[in-house]
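Okay, protein_35.txt now, which holds compact mmCIF, C-alpha atoms:
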# COMPACT_ATOMS: atom_id res chain seq x y z
CA MET A 2 248.57 182.28 142.60
CA THR A 3 251.02 179.91 144.19
CA ALA A 4 253.58 178.22 142.01
CA GLY A 5 253.06 174.60 141.16
CA PRO A 6 253.83 172.02 138.51
CA ARG A 7 252.51 173.08 135.14
CA PRO A 8 250.50 170.57 133.13
CA PRO A 9 252.29 169.21 130.09
CA ALA A 10 251.48 171.09 126.92
CA PRO A 11 248.98 168.94 125.03
CA PRO A 12 249.86 168.16 121.43
CA CYS A 13 248.39 170.34 118.75
CA ARG A 14 245.35 168.69 117.21
CA PRO A 15 244.26 168.78 113.58
CA ALA A 16 241.39 171.01 112.55
CA ALA A 17 237.90 169.62 113.09
CA ARG A 18 236.58 167.23 110.46
CA PRO A 19 232.97 166.48 109.47
CA ASP A 20 231.20 163.82 111.50
CA ALA A 21 229.11 161.01 110.00
CA GLN A 22 226.20 163.43 109.45
CA GLY A 23 228.41 166.00 107.74
CA HIS A 24 228.51 168.39 110.70
CA VAL A 25 231.72 170.41 110.93
CA PRO A 26 232.32 171.66 114.49
CA THR A 27 232.86 175.38 114.98
CA PRO A 28 235.87 176.14 117.19
CA LEU A 29 235.15 177.58 120.61
CA ARG A 30 235.85 181.28 120.99
CA GLN A 31 234.13 182.06 124.29
CA PHE A 32 235.35 180.42 127.50
CA VAL A 33 233.25 181.05 130.60
CA LEU A 34 235.56 180.38 133.53
CA LYS A 35 234.02 179.97 136.97
CA VAL A 36 236.05 181.78 139.62
CA HIS A 37 233.72 181.30 142.57
CA GLY A 38 230.88 178.82 142.87
CA ARG A 39 228.90 180.66 145.54
CA CYS A 40 227.02 183.96 145.63
CA ASN A 41 226.54 186.58 148.33
CA LEU A 42 223.06 187.37 147.00
CA ASP A 43 219.89 185.33 147.29
CA CYS A 44 217.85 186.70 144.39
CA THR A 45 214.29 185.40 144.53
CA TYR A 46 214.27 184.36 140.85
CA CYS A 47 217.75 182.79 140.58
CA TYR A 48 217.59 179.68 138.40
CA LEU A 49 221.05 178.55 139.51
CA TYR A 50 220.87 178.61 143.30
CA ARG A 51 217.08 178.36 143.66
CA GLY A 52 216.50 176.07 140.71
CA GLN A 53 216.22 172.31 140.40
CA ASP A 54 219.89 171.65 139.63
CA SER A 55 221.82 171.77 142.91
CA GLY A 56 225.02 170.31 141.47
CA TRP A 57 226.86 173.49 142.49
CA ARG A 58 226.81 172.23 146.09
CA ASP A 59 229.17 169.38 145.17
CA ARG A 60 231.86 171.64 143.73
CA PRO A 61 234.63 173.65 145.42
CA ALA A 62 233.61 177.17 146.34
CA ARG A 63 236.73 178.62 144.69
CA VAL A 64 238.74 177.61 141.67
CA GLY A 65 242.23 176.33 142.48
CA ASP A 66 245.61 176.87 140.85
CA ARG A 67 245.64 173.42 139.25
CA VAL A 68 242.32 174.02 137.47
CA MET A 69 243.51 177.42 136.28
CA GLU A 70 246.72 176.02 134.80
CA HIS A 71 245.07 173.09 133.07
CA THR A 72 242.29 175.31 131.71
CA ALA A 73 244.84 177.75 130.34
CA ALA A 74 246.70 174.89 128.65
CA ARG A 75 243.48 173.59 127.09
CA VAL A 76 242.57 177.05 125.78
CA ALA A 77 246.07 177.39 124.29
CA GLU A 78 245.75 173.95 122.73
CA HIS A 79 242.44 174.90 121.11
CA VAL A 80 243.78 178.23 119.88
CA GLY A 81 246.78 176.52 118.32
CA ALA A 82 244.79 173.71 116.73
CA HIS A 83 242.43 176.10 114.97
CA GLY A 84 244.70 179.09 114.41
CA LEU A 85 242.38 181.40 116.34
CA ASP A 86 243.37 185.05 116.42
CA HIS A 87 240.88 186.16 119.08
CA VAL A 88 239.08 184.50 121.99
CA ARG A 89 236.99 185.80 124.88
CA ILE A 90 237.33 184.67 128.45
CA GLU A 91 234.51 185.59 130.79
CA LEU A 92 235.04 185.25 134.53
CA HIS A 93 231.83 184.18 136.22
CA GLY A 94 230.33 182.76 139.43
CA GLY A 95 228.29 182.71 141.58
CA GLU A 96 229.81 186.04 142.33
CA PRO A 97 233.34 186.04 140.86
CA LEU A 98 234.52 188.91 143.10
CA LEU A 99 233.44 187.16 146.30
CA ALA A 100 237.12 186.61 147.19
CA GLY A 101 238.23 189.93 145.72
CA PRO A 102 239.87 190.58 142.34
CA ALA A 103 242.97 188.43 142.96
CA PRO A 104 241.55 185.07 141.75
CA VAL A 105 240.08 186.78 138.68
CA LEU A 106 243.43 188.32 137.84
CA ASP A 107 245.25 185.02 138.49
CA TYR A 108 242.98 183.22 136.04
CA VAL A 109 243.34 185.88 133.35
CA ARG A 110 247.12 185.93 133.72
CA ALA A 111 247.30 182.12 133.53
CA VAL A 112 245.48 182.16 130.19
CA ARG A 113 247.45 185.08 128.80
CA ARG A 114 250.85 183.63 129.54
CA THR A 115 249.89 180.27 128.00
CA VAL A 116 247.99 181.29 124.87
CA PRO A 117 250.20 182.31 121.89
CA ASP A 118 250.84 186.04 121.49
CA SER A 119 249.23 185.85 118.04
CA CYS A 120 245.83 185.40 119.69
CA ARG A 121 244.14 188.45 121.21
CA ILE A 122 242.33 187.78 124.49
CA THR A 123 239.36 189.84 125.64
CA ALA A 124 238.72 189.36 129.35
CA THR A 125 235.49 190.34 131.14
CA VAL A 126 234.24 189.68 134.66
CA GLN A 127 230.46 189.58 135.17
CA THR A 128 229.49 190.73 138.66
CA ASN A 129 226.50 191.82 140.73
CA GLY A 130 228.60 194.84 141.71
CA THR A 131 228.31 194.48 145.47
CA ARG A 132 232.00 193.59 145.90
CA LEU A 133 233.47 196.00 143.39
CA THR A 134 235.65 198.48 145.30
CA ASP A 135 237.64 201.43 143.96
CA ARG A 136 240.89 199.56 144.52
CA GLY A 137 239.53 196.36 142.96
CA LEU A 138 238.34 198.20 139.87
CA GLU A 139 241.72 199.88 139.58
CA GLN A 140 243.48 196.49 139.69
CA LEU A 141 241.14 194.99 137.09
CA THR A 142 241.55 198.01 134.83
CA GLU A 143 245.35 197.86 135.06
CA ASP A 144 245.21 194.28 133.79
CA GLY A 145 242.79 195.11 131.00
CA VAL A 146 239.85 193.20 132.50
CA ARG A 147 236.52 194.81 131.70
CA VAL A 148 233.55 194.62 134.09
CA GLY A 149 229.93 193.80 133.29
CA LEU A 150 227.12 194.43 135.78
CA SER A 151 224.03 192.32 136.36
CA LEU A 152 221.05 194.51 137.34
CA ASP A 153 217.26 194.45 137.02
CA GLY A 154 217.05 198.15 136.21
CA GLY A 155 218.53 201.45 137.26
CA ARG A 156 216.43 202.12 140.35
CA ALA A 157 216.05 200.57 143.79
CA ALA A 158 212.47 199.50 143.02
CA HIS A 159 213.61 197.52 139.98
CA ASN A 160 216.12 195.57 142.08
CA ALA A 161 213.87 194.72 145.03
CA ARG A 162 214.29 190.99 144.39
CA ARG A 163 218.09 191.24 144.52
CA VAL A 164 218.86 190.82 148.21
CA ASP A 165 221.59 189.18 150.27
CA HIS A 166 221.10 186.10 152.45
CA ALA A 167 219.91 188.29 155.33
CA GLY A 168 217.31 189.95 153.13
CA ARG A 169 219.18 193.24 152.81
CA PRO A 170 218.97 195.09 149.48
CA ALA A 171 221.90 194.84 147.08
CA TRP A 172 221.01 198.07 145.30
CA PRO A 173 223.12 200.64 147.21
CA ALA A 174 226.36 198.74 146.57
CA ALA A 175 225.38 197.94 142.97
CA LEU A 176 224.61 201.61 142.27
CA ALA A 177 228.01 202.58 143.68
CA ALA A 178 229.63 200.05 141.35
CA ALA A 179 227.76 201.45 138.34
CA ARG A 180 228.97 204.95 139.17
CA ARG A 181 232.55 203.73 139.51
CA LEU A 182 232.33 202.08 136.11
CA ALA A 183 230.75 205.11 134.47
CA ALA A 184 233.79 207.08 135.64
CA ARG A 185 236.09 204.49 134.00
CA PRO A 186 234.46 203.85 130.60
CA GLN A 187 237.48 201.86 129.38
CA ALA A 188 236.63 199.21 132.00
CA TYR A 189 232.83 199.25 131.54
CA ALA A 190 231.59 196.25 129.55
CA GLY A 191 227.88 196.99 130.01
CA ILE A 192 224.78 195.89 131.90
CA LEU A 193 222.91 192.61 131.73
CA CYS A 194 219.21 192.99 132.59
CA THR A 195 216.46 190.35 132.62
CA VAL A 196 213.02 191.47 131.46
CA ASP A 197 210.50 191.88 134.28
CA LEU A 198 206.90 192.35 133.11
CA ASP A 199 206.02 194.03 136.40
CA ALA A 200 208.42 196.88 135.63
CA ASP A 201 207.56 199.63 133.17
CA PRO A 202 209.76 199.06 130.10
CA LEU A 203 210.53 202.73 129.46
CA ASP A 204 211.33 203.38 133.11
CA VAL A 205 213.71 200.41 133.14
CA TYR A 206 215.37 201.48 129.89
CA HIS A 207 215.84 205.14 130.76
CA SER A 208 217.00 204.33 134.30
CA LEU A 209 219.68 202.05 132.88
CA LEU A 210 220.79 204.73 130.43
CA GLU A 211 221.37 207.01 133.42
CA LEU A 212 224.08 204.57 134.56
CA GLY A 213 226.04 205.18 131.35
CA PRO A 214 226.54 201.60 130.06
CA PRO A 215 228.19 201.18 126.66
CA ARG A 216 225.97 198.14 126.05
CA LEU A 217 222.75 196.62 127.35
CA ASP A 218 221.84 192.96 127.18
CA LEU A 219 218.08 192.56 127.63
CA LEU A 220 217.39 188.92 128.38
CA LEU A 221 214.21 186.91 128.52
CA PRO A 222 213.82 185.02 131.83
CA HIS A 223 215.00 181.43 131.53
CA ALA A 224 211.89 179.31 131.21
CA ASN A 225 210.54 176.41 129.17
CA TRP A 226 207.32 174.60 128.30
CA GLY A 227 207.37 172.70 131.59
CA ARG A 228 208.03 175.84 133.62
CA PRO A 229 206.61 178.77 131.64
CA PRO A 230 207.67 182.32 132.47
CA PRO A 231 205.50 184.76 134.45
CA GLY A 232 202.77 186.23 132.31
CA LEU A 233 202.51 183.34 129.84
CA PRO A 234 200.19 180.36 130.07
CA GLY A 235 201.54 176.87 130.50
CA GLY A 236 200.96 174.00 128.12
CA ARG A 237 202.64 172.40 125.17
CA PRO A 238 204.46 174.06 122.26
CA GLY A 239 202.05 175.94 120.02
CA ARG A 240 199.44 176.35 122.77
CA HIS A 241 199.90 180.09 123.39
CA ARG A 242 196.76 182.17 123.76
CA PRO A 243 196.26 184.13 120.54
CA GLY A 244 197.64 187.63 120.95
CA ALA A 245 199.43 186.90 124.25
CA THR A 246 202.83 188.49 123.64
CA PRO A 247 203.66 190.42 126.83
CA TYR A 248 207.43 190.00 126.45
CA GLY A 249 207.34 190.95 122.79
CA ASP A 250 205.26 194.03 123.65
CA TRP A 251 207.67 195.01 126.45
CA LEU A 252 210.70 194.71 124.20
CA ALA A 253 209.01 196.46 121.26
CA THR A 254 208.31 199.44 123.50
CA VAL A 255 211.99 199.67 124.45
CA PHE A 256 213.03 199.18 120.83
CA ASP A 257 211.02 202.21 119.76
CA ALA A 258 212.67 204.36 122.43
CA TRP A 259 216.10 203.12 121.34
CA TRP A 260 215.42 203.44 117.60
CA ASP A 261 213.81 206.88 117.81
CA ALA A 262 216.41 208.47 120.10
CA GLY A 263 218.15 210.33 117.29
CA ARG A 264 221.59 209.34 118.55
CA LEU A 265 222.97 206.07 119.81
CA ARG A 266 223.29 206.36 123.60
CA THR A 267 224.07 202.67 124.09
CA ARG A 268 224.19 199.45 122.12
CA VAL A 269 221.34 197.01 122.81
CA ARG A 270 222.59 193.65 121.64
CA LEU A 271 219.24 191.94 121.07
CA PHE A 272 217.99 194.79 118.88
CA GLN A 273 221.23 195.07 116.95
CA GLU A 274 221.25 191.34 116.30
CA ILE A 275 217.69 191.36 114.95
CA VAL A 276 218.37 194.35 112.69
CA ALA A 277 221.54 192.72 111.38
CA LEU A 278 219.76 189.43 110.70
CA LEU A 279 216.96 191.21 108.85
CA LEU A 280 219.62 192.84 106.68
CA GLY A 281 221.23 189.47 105.93
CA ALA A 282 224.16 189.46 108.36
CA PRO A 283 224.91 186.41 110.55
CA SER A 284 224.00 186.40 114.23
CA ARG A 285 226.56 186.65 117.01
CA ALA A 286 224.35 185.85 120.01
CA GLU A 287 222.52 182.75 121.22
CA ALA A 288 219.20 184.55 121.73
CA VAL A 289 218.37 184.81 118.00
CA GLY A 290 219.68 183.65 114.65
CA LEU A 291 221.17 180.39 113.46
CA SER A 292 224.90 180.92 113.88
CA PRO A 293 226.62 178.11 115.81
CA VAL A 294 227.16 178.63 119.52
CA ALA A 295 230.89 178.70 120.27
CA ALA A 296 230.88 178.94 124.07
CA VAL A 297 231.74 176.53 126.85
CA VAL A 298 231.95 176.67 130.66
CA VAL A 299 234.74 175.46 132.95
CA GLU A 300 233.55 174.91 136.52
CA THR A 301 235.58 175.48 139.70
CA ASP A 302 236.56 171.79 139.79
CA GLY A 303 237.65 171.76 136.14
CA ALA A 304 234.50 170.13 134.75
CA ILE A 305 233.70 171.27 131.22
CA GLU A 306 230.02 172.05 130.81
CA GLN A 307 227.57 173.69 128.47
CA VAL A 308 226.09 177.09 129.30
CA ASP A 309 224.57 177.55 132.77
CA SER A 310 221.14 178.44 131.42
CA LEU A 311 220.58 174.75 130.62
CA ARG A 312 220.36 174.12 134.36
CA SER A 313 216.94 175.76 134.28
CA ALA A 314 215.63 172.81 132.24
CA TYR A 315 216.54 169.88 134.50
CA ARG A 316 219.31 168.65 136.77
CA GLY A 317 222.41 167.68 134.82
CA ALA A 318 221.31 169.32 131.55
CA ALA A 319 224.57 171.29 131.29
CA GLU A 320 226.88 168.35 132.05
CA THR A 321 229.17 166.83 129.42
CA GLY A 322 231.18 164.33 131.48
CA TYR A 323 234.42 166.01 130.38
CA ASP A 324 237.05 167.95 132.32
CA VAL A 325 240.18 169.97 131.57
CA PHE A 326 242.50 167.34 133.07
CA ARG A 327 241.57 164.52 130.68
CA HIS A 328 239.82 166.10 127.69
CA SER A 329 240.55 168.66 125.02
CA PHE A 330 238.02 171.24 123.92
CA ASP A 331 237.98 169.50 120.53
CA THR A 332 236.60 166.44 122.32
CA VAL A 333 233.88 168.62 123.83
CA LEU A 334 232.90 169.83 120.37
CA ARG A 335 231.68 166.29 119.62
CA HIS A 336 229.30 166.22 122.58
CA PRO A 337 225.67 165.85 121.33
CA GLY A 338 224.52 168.93 123.21
CA ILE A 339 227.25 171.09 121.69
CA VAL A 340 226.58 169.62 118.24
CA ALA A 341 222.86 170.42 118.56
CA ARG A 342 223.61 174.05 119.45
CA GLN A 343 225.98 174.33 116.48
CA SER A 344 223.69 172.72 113.91
CA GLY A 345 221.69 175.80 112.95
CA GLU A 346 218.50 175.10 111.02
CA ARG A 347 219.03 171.34 111.23
CA ALA A 348 218.41 171.50 114.99
CA LEU A 349 215.01 173.18 114.58
CA GLY A 350 211.67 171.45 114.52
CA ALA A 351 209.36 171.50 111.52
CA ASP A 352 207.32 174.43 112.87
CA CYS A 353 210.39 176.64 113.17
CA ARG A 354 211.75 175.66 109.76
CA ALA A 355 208.41 176.57 108.17
CA CYS A 356 208.07 179.87 110.05
CA PRO A 357 208.53 183.02 107.93
CA VAL A 358 210.70 184.61 110.65
CA GLY A 359 212.44 181.36 111.58
CA ARG A 360 215.83 182.27 110.15
CA VAL A 361 215.86 185.50 112.16
CA CYS A 362 214.43 184.01 115.33
CA GLY A 363 216.53 180.87 115.00
CA GLY A 364 214.17 179.12 117.40
CA GLY A 365 215.20 181.52 120.15
CA ASN A 366 217.43 180.55 123.03
CA TYR A 367 218.02 176.79 122.97
CA VAL A 368 217.02 176.24 126.60
CA HIS A 369 213.66 177.96 126.08
CA ARG A 370 212.64 175.18 123.68
CA TYR A 371 212.73 172.44 126.29
CA THR A 372 209.63 170.32 126.84
CA PRO A 373 209.71 167.66 129.61
CA GLY A 374 209.69 164.21 128.08
CA SER A 375 210.61 165.24 124.56
CA GLY A 376 213.63 167.53 124.82
CA PHE A 377 214.61 170.67 122.95
CA HIS A 378 213.26 169.98 119.46
CA HIS A 379 210.44 172.51 119.79
CA PRO A 380 209.70 176.21 119.26
CA SER A 381 210.68 178.55 122.06
CA VAL A 382 208.24 179.07 124.91
CA TYR A 383 208.61 182.72 123.80
CA CYS A 384 207.74 181.88 120.19
CA ALA A 385 204.87 184.35 119.85
CA ASP A 386 206.81 187.07 121.67
CA LEU A 387 209.84 186.69 119.43
CA GLU A 388 207.69 186.84 116.30
CA ARG A 389 205.96 189.96 117.64
CA LEU A 390 209.31 191.68 118.28
CA ILE A 391 210.93 190.63 115.00
CA ARG A 392 207.95 191.76 112.90
CA HIS A 393 207.90 195.06 114.77
CA VAL A 394 211.60 195.65 114.15
CA ALA A 395 211.18 194.68 110.49
CA HIS A 396 208.32 197.15 110.10
CA ARG A 397 210.33 199.98 111.69
CA LEU A 398 213.39 199.12 109.60
CA GLU A 399 211.36 199.03 106.37
CA HIS A 400 209.76 202.39 107.19
CA THR A 401 213.17 203.94 107.91
CA VAL A 402 214.63 202.65 104.65
CA ARG A 403 211.64 203.94 102.65
CA THR A 404 211.77 207.41 104.17
CA THR A 405 215.54 207.85 103.81
CA THR A 406 215.95 206.65 100.20
Now, as a test, write the supplied structure out as structure tokens.
Amino acid sequence: MTAGPRPPAPPCRPAARPDAQGHVPTPLRQFVLKVHGRCNLDCTYCYLYRGQDSGWRDRPARVGDRVMEHTAARVAEHVGAHGLDHVRIELHGGEPLLAGPAPVLDYVRAVRRTVPDSCRITATVQTNGTRLTDRGLEQLTEDGVRVGLSLDGGRAAHNARRVDHAGRPAWPAALAAARRLAARPQAYAGILCTVDLDADPLDVYHSLLELGPPRLDLLLPHANWGRPPPGLPGGRPGRHRPGATPYGDWLATVFDAWWDAGRLRTRVRLFQEIVALLLGAPSRAEAVGLSPVAAVVVETDGAIEQVDSLRSAYRGAAETGYDVFRHSFDTVLRHPGIVARQSGERALGADCRACPVGRVCGGGNYVHRYTPGSGFHHPSVYCADLERLIRHVAHRLEHTVRTTT
């Protein structure tokens, strides 16, 4: 990164105070930093580049030095104001390795040299794997940057929809990346996989295990009541066909394989979160539970936004109007969208608050609650599926406890 004038260190701010409704903001601990705003793949289901929010076209393709420096200063300011001892920075895109590992490393180093030594920084880059070379992985590993892969499964057939702009399959390069990471477990953050009902759940699960990930994130496709996911009927909240829980069935099948394995071959975050919530622990993920979301995105132009998944709802849904040049992250904490995603049970509709599994489900992912014309104050479009999965996990957990005590 070329040298340039450093932004002035912003003054330390006092800890967050309750607003007029009594809400106390939760400090941000996860900073998603966009390294590259374009992608070398043209996945057929991509909600970002094929969705309705094309705001990415108006931003620089690559993050510049000035944005990196100001972002680092804002992270340091937030860490100092709240006395944080650990934060996560996640380098994203587009495809963050589109220009090689150098911009990723520049961004990580900018944050590390600005944030106080008392705060531990965990750095991860999330990639499609097609640009991860041996040399690039070596450089990332030397700087302590872990690598997460985005795949649709562990076989070519699972990844048929992941192609480049010429229609060529991404799988061969992605498989090579997975093998490189399996050989360097200290650098392997895990695999992110979106559920595809057309793929056999056990085949997907076991094929991913063959790639040796330390963790799997199984995600529901981003959808809402205006644009329901494949396999579920459209309509308004509460209008599911009775018994139609294809995503819950898919995930329950994988859960049984994971639970019955006899030894833990990998962590599956969704399952671990549900088990922990059933046992009374707080959630740590946005997909389930009521714990406040403590993540924010910084775009390549320095704009501060909410999580990218909101773009699947409508154009501009992720925008806050703030940027790292003029606004602190404490200011962002007062944004209505951030407040809503930190308000726990208060942000849920009456149906969710009355639901017997509501405190475990937490209404599901915030974006999946969206209904055109009336916003996010609804059950998830995956409501029935989440209840199916949670009740299944509870039943298996209860049986295990009974038979081992």
Answer as a PyMOL selection string, residues within 12 Å of (225.0, 186.0, 114.3) using only C-alpha atoms: chain A and resi 270-271+273-295+343+345+360-363
For A:Gly249: contacts at 7 Å, all atoms listed in the file, fewer than 3 positions along chain excluded, given as a count of residues only: 7
Pick from A:Arg354, A:Arg335, A:His159, A:Arg63 nearest to A:Ala200, counting all atoms listed in the file: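 Result for the nearest residue to A:Ala200: A:His159.
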Nearby residues (all atoms listed in the file) at most 7 Å from A:Cys120, same-chain spacing under 3 positions excluded, as a PyMOL selection string: chain A and resi 85-87+116-117
I need the chosen residues saved as a PDB file, in the coordinates of the input, with C-alpha atoms.
ATOM      1  CA  LEU A  85     242.380 181.400 116.340  1.00  0.00           C
ATOM      2  CA  ASP A  86     243.370 185.050 116.420  1.00  0.00           C
ATOM      3  CA  HIS A  87     240.880 186.160 119.080  1.00  0.00           C
ATOM      4  CA  VAL A 116     247.990 181.290 124.870  1.00  0.00           C
ATOM      5  CA  PRO A 117     250.200 182.310 121.890  1.00  0.00           C
TER       6      PRO A 117
END
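Look at A:Pro222: the protein and nucleic acid residues within 12 Å of it, using only C-alpha atoms and passing over chain neighbours fewer than 4 places away, are Tyr46, Cys47, Tyr48, Asp153, Leu193, Cys194, Thr195, Val196, Asp197, Leu198, Arg228, Pro229, Pro230, Pro231, Gly232, Leu233, Tyr248, Ala288, Ser310, Ser313, Asn366, Val368, His369, Val382 and Tyr383 of chain A.
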Nearest to A:Asp59 by atom-to-atom distance, counting only C-alpha atoms, from A:Asp331, A:Pro202, A:Val25, A:Thr301: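 Result for the nearest residue to A:Asp59: A:Thr301.
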Coordinates-based distance that separates atom CA of A:Leu150 from atom CA of A:Ile391 (Å, one decimal):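 Between atom CA of A:Ile391 and atom CA of A:Leu150 the gap is 26.6 Å.
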From A:Thr72, A:Ser119, A:Gln127, A:Asn225, residue lying nearest A:Gly84 [all atoms listed in the file]: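 Looking at the shortest contact to A:Gly84, the residue is A:Ser119.
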Distance criterion (all atoms listed in the file): nearest to A:Ala188 out of A:Asp144, A:Glu346, A:Asp201, A:Asp218: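 Looking at the shortest contact to A:Ala188, the residue is A:Asp144.
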Atom-to-atom span, atom CA of A:Pro26 and atom CA of A:Val88, Å: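 Atom-to-atom, atom CA of A:Pro26 to atom CA of A:Val88, that is 16.3 Å.
When all atoms listed in the file are used to measure the gap to A:His79, the shortest distance among A:Ala395, A:Leu29, A:Cys353, A:Leu210 belongs to A:Leu29.
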Among listed residues A:Ala158, A:Leu98, A:Ala341, A:Ala351, nearest A:Gln307 (using only C-alpha atoms):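 Nearest to A:Gln307: A:Ala341.
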Report, as AutoDock Vina command-line options, the centre and edge lengths in Å (one decimal) of the axis-aligned box enclosing every listed atom of stretch 178-188 of chain A, padded by 6 Å on each side.
--center_x 232.6 --center_y 203.1 --center_z 135.4 --size_x 21.7 --size_y 19.9 --size_z 24.0
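Atom CA of A:Pro186 is positioned 15.3 Å from atom CA of A:Gly137.
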Residue list as a PyMOL selection string for point (210.6, 174.0, 126.1), cut-off 10 Å, only C-alpha atoms: chain A and resi 224-229+236-238+314+366-373+375-383
Surrounding residues of A:Thr131 excluding itself and chain neighbours under 4 positions, 8 Å, only C-alpha atoms, as a ChimeraX atom specification: /A:171,174-175,178
Neighbour list for A:Leu99 as a VMD selection string, cut-off 9 Å, only C-alpha atoms, skip fewer than 5 positions in-chain: chain A and resid 36 to 37 39 to 41 94 131 to 132
